[in-house]
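**Q** Pasting structure-v5.txt here (compact mmCIF, C-alpha atoms):
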# COMPACT_ATOMS: atom_id res chain seq x y z
CA MET A 28 -3.52 -80.90 -125.82
CA SER A 29 -0.04 -79.46 -125.89
CA ALA A 30 2.74 -81.70 -124.60
CA CYS A 31 4.31 -78.78 -122.77
CA LEU A 32 1.40 -78.48 -120.33
CA GLY A 33 2.29 -79.55 -116.82
CA LEU A 34 0.47 -82.43 -115.12
CA ASN A 35 -1.37 -80.05 -112.84
CA LYS A 36 -2.70 -78.15 -115.85
CA LEU A 37 -3.74 -81.42 -117.48
CA ALA A 38 -5.59 -82.49 -114.34
CA ARG A 39 -7.33 -79.12 -114.14
CA LEU A 40 -8.44 -79.29 -117.73
CA GLU A 41 -10.18 -82.60 -117.04
CA ILE A 42 -13.12 -80.78 -115.48
CA PRO A 43 -15.35 -79.76 -118.40
CA ARG A 44 -15.98 -76.07 -118.97
CA LYS A 45 -19.72 -76.53 -118.44
CA ALA A 46 -19.10 -78.14 -115.05
CA ILE A 47 -16.99 -75.11 -114.09
CA TYR A 48 -19.91 -72.84 -115.05
CA ARG A 49 -22.22 -74.89 -112.86
CA LEU A 50 -19.76 -74.73 -109.94
CA SER A 51 -19.92 -70.93 -110.27
CA LEU A 52 -23.69 -71.14 -110.10
CA TYR A 53 -23.58 -73.37 -107.01
CA LEU A 54 -21.19 -70.90 -105.41
CA ARG A 55 -23.66 -68.03 -105.99
CA CYS A 56 -26.44 -70.07 -104.39
CA LEU A 57 -24.25 -71.07 -101.45
CA GLN A 58 -23.27 -67.45 -100.85
CA ARG A 59 -26.93 -66.48 -100.75
CA LEU A 60 -27.69 -69.30 -98.28
CA LYS A 61 -24.74 -68.27 -96.15
CA SER A 62 -25.84 -64.62 -96.01
CA ASN A 63 -29.27 -65.88 -94.89
CA GLY A 64 -27.64 -67.75 -92.02
CA ILE A 65 -28.26 -71.22 -93.47
CA ARG A 66 -25.47 -73.65 -92.58
CA THR A 67 -26.35 -76.93 -94.33
CA VAL A 68 -28.15 -77.68 -97.56
CA SER A 69 -29.35 -80.87 -99.24
CA SER A 70 -28.26 -81.67 -102.77
CA GLU A 71 -31.92 -81.47 -103.85
CA ALA A 72 -32.40 -77.95 -102.46
CA LEU A 73 -29.09 -76.67 -103.84
CA ALA A 74 -29.80 -78.21 -107.25
CA ARG A 75 -33.25 -76.62 -107.36
CA ALA A 76 -31.82 -73.20 -106.50
CA ALA A 77 -29.21 -73.54 -109.24
CA GLY A 78 -31.72 -74.83 -111.79
CA VAL A 79 -30.01 -78.19 -112.39
CA LYS A 80 -30.94 -81.80 -111.66
CA SER A 81 -29.71 -83.14 -108.31
CA THR A 82 -27.97 -86.04 -110.10
CA GLN A 83 -26.03 -83.42 -112.07
CA LEU A 84 -25.10 -81.53 -108.92
CA ARG A 85 -23.89 -84.66 -107.15
CA LYS A 86 -21.83 -85.63 -110.19
CA ASP A 87 -20.25 -82.16 -110.35
CA LEU A 88 -19.30 -82.30 -106.69
CA THR A 89 -17.46 -85.62 -107.12
CA TYR A 90 -14.54 -83.50 -108.44
CA PHE A 91 -13.93 -82.70 -104.78
CA GLY A 92 -13.77 -86.38 -103.84
CA GLN A 93 -15.89 -87.78 -101.00
CA PHE A 94 -17.99 -84.98 -99.65
CA GLY A 95 -21.21 -84.36 -97.74
CA THR A 96 -22.81 -86.43 -95.02
CA ARG A 97 -25.65 -88.76 -95.99
CA GLY A 98 -28.88 -87.40 -94.56
CA LEU A 99 -27.29 -84.15 -93.38
CA GLY A 100 -26.43 -82.56 -96.69
CA TYR A 101 -23.53 -80.22 -97.43
CA ASP A 102 -21.86 -77.75 -95.11
CA VAL A 103 -22.63 -74.45 -96.86
CA GLY A 104 -19.47 -72.60 -95.80
CA GLN A 105 -17.14 -75.51 -96.46
CA LEU A 106 -18.52 -76.23 -99.93
CA ALA A 107 -18.39 -72.52 -100.86
CA GLN A 108 -14.74 -72.40 -99.76
CA MET A 109 -13.83 -75.51 -101.77
CA ILE A 110 -15.38 -74.10 -104.94
CA THR A 111 -13.69 -70.72 -104.39
CA ASP A 112 -10.34 -72.48 -103.98
CA LEU A 113 -10.88 -74.43 -107.17
CA LEU A 114 -11.88 -71.34 -109.18
CA GLY A 115 -8.91 -69.38 -107.84
CA THR A 116 -11.00 -66.42 -106.73
CA ASN A 117 -9.75 -66.36 -103.14
CA SER A 118 -7.90 -63.14 -103.81
CA LEU A 119 -8.76 -60.23 -106.10
CA GLN A 120 -7.71 -61.17 -109.65
CA PRO A 121 -6.20 -58.43 -111.81
CA VAL A 122 -7.74 -58.09 -115.27
CA ILE A 123 -6.92 -55.67 -118.08
CA LEU A 124 -9.38 -54.27 -120.60
CA VAL A 125 -8.47 -53.51 -124.20
CA GLY A 126 -10.60 -51.26 -126.41
CA LEU A 127 -12.34 -48.16 -125.07
CA GLY A 128 -15.34 -47.88 -127.34
CA ASN A 129 -18.82 -47.53 -125.81
CA LEU A 130 -18.87 -51.04 -124.44
CA GLY A 131 -15.32 -50.89 -123.09
CA LEU A 132 -16.03 -47.61 -121.30
CA ALA A 133 -19.26 -49.04 -119.94
CA LEU A 134 -17.52 -52.10 -118.52
CA LEU A 135 -14.72 -49.97 -117.09
CA SER A 136 -17.25 -47.94 -115.11
CA TYR A 137 -19.21 -51.05 -114.09
CA ARG A 138 -18.69 -51.70 -110.38
CA GLY A 139 -20.03 -55.26 -110.43
CA PHE A 140 -16.76 -57.11 -110.96
CA GLU A 141 -14.95 -56.32 -107.71
CA PRO A 142 -17.48 -57.91 -105.35
CA GLU A 143 -17.02 -61.05 -107.47
CA GLY A 144 -13.24 -61.07 -107.10
CA PHE A 145 -12.03 -59.28 -110.24
CA GLU A 146 -10.39 -55.91 -110.59
CA ILE A 147 -9.86 -54.16 -113.92
CA VAL A 148 -6.44 -52.69 -113.13
CA SER A 149 -5.85 -50.78 -116.37
CA ALA A 150 -7.22 -50.18 -119.85
CA PHE A 151 -5.57 -49.94 -123.26
CA ASP A 152 -6.64 -48.13 -126.40
CA LEU A 153 -5.10 -46.80 -129.61
CA ASP A 154 -6.30 -43.33 -128.70
CA VAL A 155 -5.11 -42.63 -125.17
CA VAL A 156 -5.67 -38.87 -125.18
CA ARG A 157 -9.29 -38.90 -126.30
CA ARG A 158 -10.18 -41.43 -123.61
CA ARG A 159 -8.46 -39.69 -120.73
CA ASP A 160 -11.11 -37.04 -120.19
CA LYS A 161 -13.80 -39.60 -119.35
CA LYS A 162 -14.63 -40.45 -115.77
CA ILE A 163 -12.30 -43.42 -115.54
CA LEU A 164 -10.63 -44.48 -112.32
CA GLN A 165 -8.15 -46.87 -113.95
CA PRO A 166 -5.03 -45.71 -115.83
CA VAL A 167 -5.36 -45.83 -119.63
CA TYR A 168 -2.31 -46.69 -121.73
CA GLY A 169 -1.50 -46.84 -125.41
CA MET A 170 -1.27 -50.19 -127.17
CA ASP A 171 2.54 -49.94 -127.20
CA LYS A 172 2.53 -50.44 -123.42
CA LEU A 173 0.38 -53.60 -123.55
CA ALA A 174 2.94 -56.45 -123.55
CA GLU A 175 5.17 -54.69 -121.03
CA PHE A 176 2.28 -54.16 -118.61
CA ILE A 177 1.05 -57.76 -118.86
CA ARG A 178 4.52 -59.16 -118.18
CA GLY A 179 5.39 -56.62 -115.51
CA HIS A 180 2.23 -57.27 -113.52
CA GLY A 181 1.84 -60.97 -114.25
CA ILE A 182 -1.66 -60.45 -115.69
CA LYS A 183 -3.39 -63.60 -116.95
CA MET A 184 -6.83 -62.33 -117.94
CA ALA A 185 -8.04 -59.73 -120.43
CA ILE A 186 -11.40 -58.31 -121.45
CA LEU A 187 -11.43 -57.63 -125.18
CA THR A 188 -13.78 -54.88 -126.41
CA VAL A 189 -12.04 -53.77 -129.62
CA PRO A 190 -13.80 -53.71 -133.02
CA ALA A 191 -13.97 -57.06 -134.85
CA THR A 192 -11.47 -55.82 -137.43
CA ALA A 193 -8.79 -55.34 -134.77
CA ALA A 194 -9.66 -58.27 -132.50
CA GLN A 195 -7.36 -60.95 -133.91
CA ALA A 196 -4.28 -58.70 -134.05
CA VAL A 197 -4.85 -57.52 -130.48
CA THR A 198 -5.43 -61.12 -129.37
CA ASN A 199 -2.05 -62.09 -130.81
CA GLU A 200 -0.43 -59.31 -128.77
CA LEU A 201 -2.27 -60.40 -125.62
CA VAL A 202 -1.18 -64.01 -126.05
CA GLN A 203 2.42 -63.02 -126.77
CA GLY A 204 2.39 -60.90 -123.62
CA GLY A 205 1.29 -63.87 -121.54
CA ILE A 206 -2.53 -63.63 -121.31
CA THR A 207 -4.13 -67.09 -121.08
CA GLY A 208 -7.78 -66.16 -120.50
CA ILE A 209 -9.74 -63.78 -122.75
CA LEU A 210 -13.30 -62.56 -122.25
CA ASN A 211 -14.10 -61.61 -125.84
CA PHE A 212 -16.90 -59.19 -126.74
CA ALA A 213 -15.85 -58.82 -130.40
CA PRO A 214 -18.23 -60.63 -132.78
CA LEU A 215 -15.49 -62.87 -134.14
CA VAL A 216 -14.06 -66.34 -133.60
CA LEU A 217 -10.56 -65.73 -132.24
CA GLN A 218 -7.72 -68.04 -133.23
CA VAL A 219 -5.60 -68.82 -130.17
CA PRO A 220 -3.09 -71.48 -129.07
CA GLU A 221 -4.75 -74.36 -127.26
CA GLU A 222 -3.43 -73.35 -123.85
CA VAL A 223 -5.36 -70.08 -124.12
CA MET A 224 -9.04 -70.03 -123.16
CA VAL A 225 -11.51 -67.68 -124.83
CA ASN A 226 -15.03 -67.07 -123.48
CA ASN A 227 -17.23 -65.22 -125.92
CA VAL A 228 -19.96 -62.79 -124.94
CA ASN A 229 -21.95 -61.41 -127.82
CA LEU A 230 -24.88 -59.35 -126.61
CA ALA A 231 -26.30 -58.82 -130.11
CA ILE A 232 -26.29 -62.57 -130.72
CA GLU A 233 -28.05 -63.16 -127.41
CA LEU A 234 -30.76 -60.70 -128.45
CA GLU A 235 -30.97 -62.23 -131.93
CA ASN A 236 -31.44 -65.62 -130.35
CA LEU A 237 -34.32 -64.28 -128.25
CA SER A 238 -35.74 -62.53 -131.29
CA TYR A 239 -36.12 -65.89 -133.00
CA PHE A 240 -38.05 -67.35 -130.07
CA VAL A 241 -40.37 -64.38 -129.42
CA GLN A 242 -41.77 -64.35 -132.94
CA GLU A 243 -45.39 -65.41 -133.25
CA MET B 23 -44.28 -77.96 -124.09
CA SER B 24 -47.52 -76.14 -123.39
CA ALA B 25 -50.59 -77.38 -125.25
CA CYS B 26 -51.66 -73.79 -125.92
CA LEU B 27 -48.72 -73.12 -128.23
CA GLY B 28 -49.70 -72.77 -131.86
CA LEU B 29 -48.31 -75.12 -134.51
CA ASN B 30 -46.07 -72.41 -135.90
CA LYS B 31 -44.52 -71.87 -132.50
CA LEU B 32 -44.05 -75.62 -132.12
CA ALA B 33 -42.34 -75.83 -135.50
CA ARG B 34 -40.08 -72.90 -134.61
CA LEU B 35 -39.07 -74.46 -131.33
CA GLU B 36 -37.86 -77.55 -133.16
CA ILE B 37 -34.65 -75.77 -134.14
CA PRO B 38 -32.36 -76.14 -131.12
CA ARG B 39 -31.19 -73.01 -129.36
CA LYS B 40 -27.57 -73.81 -130.15
CA ALA B 41 -28.33 -74.05 -133.85
CA ILE B 42 -29.95 -70.61 -133.67
CA TYR B 43 -26.74 -69.27 -132.08
CA ARG B 44 -24.72 -70.75 -134.92
CA LEU B 45 -27.07 -69.24 -137.52
CA SER B 46 -26.35 -65.85 -135.92
CA LEU B 47 -22.64 -66.54 -136.28
CA TYR B 48 -23.03 -67.55 -139.94
CA LEU B 49 -25.00 -64.35 -140.53
CA ARG B 50 -22.14 -62.25 -139.08
CA CYS B 51 -19.65 -64.01 -141.37
CA LEU B 52 -21.91 -63.61 -144.41
CA GLN B 53 -22.34 -59.90 -143.69
CA ARG B 54 -18.57 -59.50 -143.59
CA LEU B 55 -18.19 -61.38 -146.89
CA LYS B 56 -20.92 -59.24 -148.43
CA SER B 57 -19.28 -56.00 -147.36
CA ASN B 58 -16.06 -57.28 -148.96
CA GLY B 59 -17.90 -57.80 -152.26
CA ILE B 60 -17.83 -61.60 -152.08
CA ARG B 61 -20.93 -63.15 -153.66
CA THR B 62 -20.57 -66.90 -153.16
CA VAL B 63 -18.97 -68.97 -150.42
CA SER B 64 -18.30 -72.69 -149.98
CA SER B 65 -19.57 -74.48 -146.89
CA GLU B 66 -15.94 -75.21 -145.94
CA ALA B 67 -14.91 -71.53 -146.07
CA LEU B 68 -18.02 -70.33 -144.22
CA ALA B 69 -17.62 -73.04 -141.56
CA ARG B 70 -13.97 -72.09 -141.03
CA ALA B 71 -14.85 -68.41 -140.63
CA ALA B 72 -17.53 -69.29 -138.09
CA GLY B 73 -15.30 -71.72 -136.21
CA VAL B 74 -17.50 -74.80 -136.74
CA LYS B 75 -17.11 -78.05 -138.69
CA SER B 76 -18.46 -77.95 -142.23
CA THR B 77 -20.65 -80.99 -141.49
CA GLN B 78 -22.22 -78.97 -138.67
CA LEU B 79 -22.79 -75.99 -140.96
CA ARG B 80 -24.43 -78.11 -143.65
CA LYS B 81 -26.66 -79.75 -141.06
CA ASP B 82 -27.70 -76.36 -139.66
CA LEU B 83 -28.61 -75.07 -143.12
CA THR B 84 -30.92 -78.04 -143.79
CA TYR B 85 -33.50 -76.10 -141.71
CA PHE B 86 -33.92 -74.00 -144.87
CA GLY B 87 -34.63 -77.07 -146.99
CA GLN B 88 -32.67 -77.73 -150.19
CA PHE B 89 -30.15 -74.96 -150.59
CA GLY B 90 -26.82 -74.19 -152.28
CA THR B 91 -25.51 -75.45 -155.61
CA ARG B 92 -23.06 -78.34 -155.57
CA GLY B 93 -19.63 -77.08 -156.57
CA LEU B 94 -20.69 -73.42 -156.52
CA GLY B 95 -21.38 -72.94 -152.83
CA TYR B 96 -23.91 -70.63 -151.26
CA ASP B 97 -25.15 -67.29 -152.56
CA VAL B 98 -23.95 -64.94 -149.82
CA GLY B 99 -26.76 -62.38 -150.09
CA GLN B 100 -29.52 -64.97 -150.37
CA LEU B 101 -28.32 -67.03 -147.40
CA ALA B 102 -27.92 -63.88 -145.26
CA GLN B 103 -31.48 -62.86 -146.13
CA MET B 104 -32.89 -66.30 -145.28
CA ILE B 105 -31.20 -66.30 -141.87
CA THR B 106 -32.36 -62.72 -141.20
CA ASP B 107 -35.93 -63.71 -142.05
CA LEU B 108 -35.74 -66.70 -139.73
CA LEU B 109 -34.33 -64.65 -136.84
CA GLY B 110 -36.94 -61.94 -137.35
CA THR B 111 -34.40 -59.11 -137.46
CA ASN B 112 -35.55 -57.63 -140.78
CA SER B 113 -36.89 -54.60 -138.98
CA LEU B 114 -35.64 -52.80 -135.87
CA GLN B 115 -36.91 -54.73 -132.82
CA PRO B 116 -38.01 -52.70 -129.81
CA VAL B 117 -36.52 -53.80 -126.50
CA ILE B 118 -37.03 -52.40 -123.01
CA LEU B 119 -34.43 -52.32 -120.25
CA VAL B 120 -35.31 -52.72 -116.58
CA GLY B 121 -32.90 -51.71 -113.81
CA LEU B 122 -30.69 -48.63 -114.06
CA GLY B 123 -27.74 -49.61 -111.92
CA ASN B 124 -24.21 -49.29 -113.32
CA LEU B 125 -24.65 -52.10 -115.83
CA GLY B 126 -28.12 -50.95 -116.92
CA LEU B 127 -26.87 -47.40 -117.50
CA ALA B 128 -23.86 -48.76 -119.36
CA LEU B 129 -26.01 -50.85 -121.70
CA LEU B 130 -28.42 -47.96 -122.22
CA SER B 131 -25.56 -45.79 -123.47
CA TYR B 132 -24.06 -48.61 -125.55
CA ARG B 133 -24.62 -47.87 -129.24
CA GLY B 134 -23.84 -51.38 -130.45
CA PHE B 135 -27.38 -52.78 -130.49
CA GLU B 136 -28.97 -50.67 -133.23
CA PRO B 137 -26.66 -51.72 -136.06
CA GLU B 138 -27.65 -55.28 -135.11
CA GLY B 139 -31.38 -54.61 -135.37
CA PHE B 140 -32.35 -53.84 -131.76
CA GLU B 141 -33.47 -50.57 -130.23
CA ILE B 142 -33.81 -50.01 -126.49
CA VAL B 143 -36.93 -47.86 -126.63
CA SER B 144 -37.30 -47.11 -122.92
CA ALA B 145 -35.93 -47.95 -119.50
CA PHE B 146 -37.61 -48.63 -116.16
CA ASP B 147 -36.35 -48.18 -112.64
CA LEU B 148 -37.76 -47.82 -109.13
CA ASP B 149 -36.04 -44.45 -108.84
CA VAL B 150 -37.01 -42.40 -111.89
CA VAL B 151 -35.91 -39.00 -110.61
CA ARG B 152 -32.37 -39.94 -109.67
CA ARG B 153 -31.79 -41.53 -113.09
CA ARG B 154 -33.11 -38.64 -115.16
CA ASP B 155 -30.06 -36.42 -114.82
CA LYS B 156 -27.81 -38.96 -116.52
CA LYS B 157 -27.02 -38.65 -120.21
CA ILE B 158 -29.77 -40.97 -121.38
CA LEU B 159 -31.52 -40.61 -124.72
CA GLN B 160 -34.35 -43.00 -123.93
CA PRO B 161 -37.30 -42.10 -121.69
CA VAL B 162 -37.10 -43.54 -118.16
CA TYR B 163 -40.30 -44.59 -116.41
CA GLY B 164 -41.21 -45.88 -112.97
CA MET B 165 -42.00 -49.55 -112.47
CA ASP B 166 -45.72 -48.75 -112.22
CA LYS B 167 -45.71 -47.92 -115.95
CA LEU B 168 -44.07 -51.22 -116.97
CA ALA B 169 -47.02 -53.48 -117.85
CA GLU B 170 -48.89 -50.64 -119.55
CA PHE B 171 -45.91 -49.77 -121.74
CA ILE B 172 -45.24 -53.39 -122.75
CA ARG B 173 -48.87 -53.93 -123.76
CA GLY B 174 -49.29 -50.52 -125.40
CA HIS B 175 -46.20 -50.92 -127.58
CA GLY B 176 -46.40 -54.67 -128.16
CA ILE B 177 -42.91 -55.20 -126.73
CA LYS B 178 -41.71 -58.82 -126.65
CA MET B 179 -38.13 -58.49 -125.41
CA ALA B 180 -36.60 -57.13 -122.23
CA ILE B 181 -33.08 -56.67 -120.88
CA LEU B 182 -33.03 -57.32 -117.14
CA THR B 183 -30.32 -55.55 -115.12
CA VAL B 184 -31.95 -55.35 -111.68
CA PRO B 185 -30.28 -56.72 -108.52
CA ALA B 186 -30.66 -60.47 -107.94
CA THR B 187 -33.01 -59.82 -105.01
CA ALA B 188 -35.53 -58.06 -107.28
CA ALA B 189 -35.06 -60.14 -110.43
CA GLN B 190 -37.78 -62.76 -109.94
CA ALA B 191 -40.48 -60.25 -108.94
CA VAL B 192 -39.64 -58.02 -111.93
CA THR B 193 -39.60 -61.07 -114.20
CA ASN B 194 -43.12 -61.95 -113.08
CA GLU B 195 -44.24 -58.43 -114.02
CA LEU B 196 -42.52 -58.64 -117.40
CA VAL B 197 -44.17 -61.97 -118.18
CA GLN B 198 -47.59 -60.74 -117.06
CA GLY B 199 -47.16 -57.71 -119.31
CA GLY B 200 -46.48 -59.93 -122.33
CA ILE B 201 -42.68 -60.20 -122.54
CA THR B 202 -41.61 -63.57 -123.99
CA GLY B 203 -37.85 -63.07 -124.32
CA ILE B 204 -35.59 -61.93 -121.46
CA LEU B 205 -31.87 -61.17 -121.62
CA ASN B 206 -31.02 -61.65 -117.95
CA PHE B 207 -27.91 -60.14 -116.37
CA ALA B 208 -28.99 -60.89 -112.78
CA PRO B 209 -26.97 -63.73 -111.22
CA LEU B 210 -30.05 -65.88 -110.63
CA VAL B 211 -31.98 -68.69 -112.28
CA LEU B 212 -35.31 -67.12 -113.24
CA GLN B 213 -38.50 -69.16 -112.99
CA VAL B 214 -40.65 -68.51 -116.08
CA PRO B 215 -43.52 -70.21 -117.93
CA GLU B 216 -42.27 -72.54 -120.65
CA GLU B 217 -43.35 -70.24 -123.49
CA VAL B 218 -40.93 -67.58 -122.18
CA MET B 219 -37.26 -67.77 -123.18
CA VAL B 220 -34.49 -66.54 -120.89
CA ASN B 221 -30.91 -66.04 -122.06
CA ASN B 222 -28.50 -65.50 -119.20
CA VAL B 223 -25.41 -63.33 -119.39
CA ASN B 224 -23.30 -63.34 -116.26
CA LEU B 225 -20.06 -61.48 -116.77
CA ALA B 226 -18.69 -62.42 -113.35
CA ILE B 227 -19.30 -66.10 -114.05
CA GLU B 228 -17.53 -65.79 -117.40
CA LEU B 229 -14.52 -64.28 -115.64
CA GLU B 230 -14.65 -66.91 -112.90
CA ASN B 231 -14.66 -69.60 -115.57
CA LEU B 232 -11.55 -68.08 -117.15
CA SER B 233 -9.98 -67.71 -113.71
CA TYR B 234 -10.15 -71.47 -113.26
CA PHE B 235 -8.37 -72.11 -116.53
CA VAL B 236 -5.63 -69.48 -116.19
CA GLN B 237 -4.34 -70.86 -112.88
CA GLU B 238 -0.95 -72.48 -113.04
Would you mind giving the structure from this file in structure tokens?
**A**
Amino acid sequence: MSACLGLNKLARLEIPRKAIYRLSLYLRCLQRLKSNGIRTVSSEALARAAGVKSTQLRKDLTYFGQFGTRGLGYDVGQLAQMITDLLGTNSLQPVILVGLGNLGLALLSYRGFEPEGFEIVSAFDLDVVRRRDKKILQPVYGMDKLAEFIRGHGIKMAILTVPATAAQAVTNELVQGGITGILNFAPLVLQVPEEVMVNNVNLAIELENLSYFVQE
Amino acid sequence: MSACLGLNKLARLEIPRKAIYRLSLYLRCLQRLKSNGIRTVSSEALARAAGVKSTQLRKDLTYFGQFGTRGLGYDVGQLAQMITDLLGTNSLQPVILVGLGNLGLALLSYRGFEPEGFEIVSAFDLDVVRRRDKKILQPVYGMDKLAEFIRGHGIKMAILTVPATAAQAVTNELVQGGITGILNFAPLVLQVPEEVMVNNVNLAIELENLSYFVQE
């Protein structure tokens, strides 16, 4: 871990990435309970809904310190709020998207991010003109505007949908601009400084993985 | 593990899911080497390209039995072929997609699956008429045709992009029809028989995970 990281950052990083994923899952379940008018939930019921063991759930929730009332379970609204605070999704988070191939265009027109607290505020591509005639609501800029935009708008997160051959070079630009979280769709292991987090989504690899298991 | 699984299936399941993911990664790296005219590769170089430790790589390749020549490394073409055989992606695999919301439509128009060995052969939605006027190459059917199509075409894999509220009911139909591998985009833990494999992709959760780490 880099010595230049502040104490707060160090403390944050102590929660394992997998625990953060599970907290997201719990949050989804809590939101569903809440919308059904349910106000308290036992650790067993919440664990079952999230598909984890209740011992795991209780362990994950110890990151919030003492919590829950024995025999009464968790307050649904309160726990949802605590997880939201921790994840930093209280307000709409601006995200940029780089690479307007088929997948990039598809994600840009996907309306599923905003209800979850993320807004793709702009997109970047080598070929600005060709992309402009598509039905895109967000402004599209050339790659030369990338670093300036990131700094000017204080953007921290980027979705990367460029071809594998360009992915590392674009990543370097993103990191230099100030991006610290990258959702990477390029089939490539990105090299980044340790203070930058990369989550990889590779749809072909997910299908390939299934393909192995469905064989007879 | 279900007693009705054949021995072959049991043997296949012995390779952990994470190892299968890594084999997919190695395959991507090998394909890149091959297209660059490189014919042999050391375990160290291949491990570095895939972002894993070389001890991990060597362990993963023991699933193929004795392999590689000490001091010479691996034959790129041969290793790629062995992994392809194992994953079952020698021929184009038919996949169906269920749920034509924004994400479903986006994935249907995404051309990135076929080069990887997967073809979305048809799509299913409750509302067939409304979806027909979109620029879709694949035939779109109503949900009443689902089981018949799966059985008639021997489909094993499905991409699920229905709303969370419908996901479990549709999953039950898929499983009854004969689907054994589901790529699930619905933000929900699906309940399936143990012989069915579900891989979950939740883009909002991936962003939420990054959101936690990019906070200052």
**Q** Using all atoms listed in the file, determine which residues lie at most 8 Å from Ile147 (chain A), disregarding the query and same-chain residues fewer than 3 positions distant; provide the list as a PyMOL selection string.
**A** chain A and resi 121-124+135+150+165
**Q** If the cut-off is 7 Å, can you tell me the residues of chain A near chain B, counting only C-alpha atoms? I'd like them as an MDAnalysis selection string.
**A** chainID A and resid 36 47:48 51 77:78 113:115 129:130 133 137:138 140 143 183 207:208 210 216 224 226 231:243
**Q** Just give me the gap between CA of Gly169 (chain A) and CA of Glu200 (chain A) in Å, one decimal is fine.
**A** 13.0 Å
**Q** Have a look at CA of Ala72 (chain A) and CA of Gln108 (chain A) and let me know their distance in Å, one decimal.
**A**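 CA of Gln108 (chain A) lies at a distance of 18.7 Å from CA of Ala72 (chain A).
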**Q** Suppose you want the space between CA of Val192 (chain B) and CA of Pro38 (chain B); what is it in Å?
**A**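 Answer for the CA of Val192 (chain B) to CA of Pro38 (chain B) separation: 27.4 Å.
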**Q** Restricting the calculation to only C-alpha atoms, which member of B:Leu159, B:Ala169, B:Leu122, B:Ala69 is positioned closest to Phe146 (chain B)?
**A**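 The shortest atom-to-atom distance to Phe146 (chain B) comes from B:Leu122.
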**Q** Could you give me, as a list of chain:residue names, the residues within 6 Å of Leu187 (chain A), counting all atoms listed in the file and dropping anything in the same chain fewer than 6 positions from it?
**A**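 My reading of the contact set: A:Val125, A:Asn211, A:Phe212.
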**Q** At a cut-off of 12 Å, using only C-alpha atoms, what residues contact region 94-97 of chain B? Leave out same-chain residues fewer than 2 positions from it and give the result as a PyMOL selection string.
**A** chain B and resi 48+52-53+55-56+59-69+79-80+83+88-92+99-104
**Q** Generate N, CA and C atoms for region 45-56 of chain B and emit them as a PDB file, in the frame of the given file.
**A**
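Below you can see out_12.pdb, which holds the result:
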ATOM      1  N   LEU B  45     -26.540 -69.998-136.380  1.00  0.00           N
ATOM      2  CA  LEU B  45     -27.070 -69.240-137.520  1.00  0.00           C
ATOM      3  C   LEU B  45     -26.710 -67.754-137.383  1.00  0.00           C
ATOM      4  N   SER B  46     -26.767 -67.236-136.166  1.00  0.00           N
ATOM      5  CA  SER B  46     -26.350 -65.850-135.920  1.00  0.00           C
ATOM      6  C   SER B  46     -24.889 -65.646-136.294  1.00  0.00           C
ATOM      7  N   LEU B  47     -24.065 -66.618-135.942  1.00  0.00           N
ATOM      8  CA  LEU B  47     -22.640 -66.540-136.280  1.00  0.00           C
ATOM      9  C   LEU B  47     -22.440 -66.560-137.789  1.00  0.00           C
ATOM     10  N   TYR B  48     -23.151 -67.474-138.475  1.00  0.00           N
ATOM     11  CA  TYR B  48     -23.030 -67.550-139.940  1.00  0.00           C
ATOM     12  C   TYR B  48     -23.431 -66.207-140.554  1.00  0.00           C
ATOM     13  N   LEU B  49     -24.502 -65.628-140.002  1.00  0.00           N
ATOM     14  CA  LEU B  49     -25.000 -64.350-140.530  1.00  0.00           C
ATOM     15  C   LEU B  49     -23.912 -63.274-140.418  1.00  0.00           C
ATOM     16  N   ARG B  50     -23.223 -63.221-139.261  1.00  0.00           N
ATOM     17  CA  ARG B  50     -22.140 -62.250-139.080  1.00  0.00           C
ATOM     18  C   ARG B  50     -21.051 -62.445-140.147  1.00  0.00           C
ATOM     19  N   CYS B  51     -20.692 -63.700-140.381  1.00  0.00           N
ATOM     20  CA  CYS B  51     -19.650 -64.010-141.370  1.00  0.00           C
ATOM     21  C   CYS B  51     -20.113 -63.631-142.764  1.00  0.00           C
ATOM     22  N   LEU B  52     -21.371 -63.925-143.081  1.00  0.00           N
ATOM     23  CA  LEU B  52     -21.910 -63.610-144.410  1.00  0.00           C
ATOM     24  C   LEU B  52     -21.930 -62.092-144.621  1.00  0.00           C
ATOM     25  N   GLN B  53     -22.295 -61.355-143.569  1.00  0.00           N
ATOM     26  CA  GLN B  53     -22.340 -59.900-143.690  1.00  0.00           C
ATOM     27  C   GLN B  53     -20.949 -59.335-143.978  1.00  0.00           C
ATOM     28  N   ARG B  54     -19.937 -59.956-143.347  1.00  0.00           N
ATOM     29  CA  ARG B  54     -18.570 -59.500-143.590  1.00  0.00           C
ATOM     30  C   ARG B  54     -18.155 -59.813-145.033  1.00  0.00           C
ATOM     31  N   LEU B  55     -18.495 -61.013-145.505  1.00  0.00           N
ATOM     32  CA  LEU B  55     -18.190 -61.380-146.890  1.00  0.00           C
ATOM     33  C   LEU B  55     -18.857 -60.408-147.856  1.00  0.00           C
ATOM     34  N   LYS B  56     -20.126 -60.129-147.578  1.00  0.00           N
ATOM     35  CA  LYS B  56     -20.920 -59.240-148.430  1.00  0.00           C
ATOM     36  C   LYS B  56     -20.269 -57.865-148.521  1.00  0.00           C
TER      37      LYS B  56
END
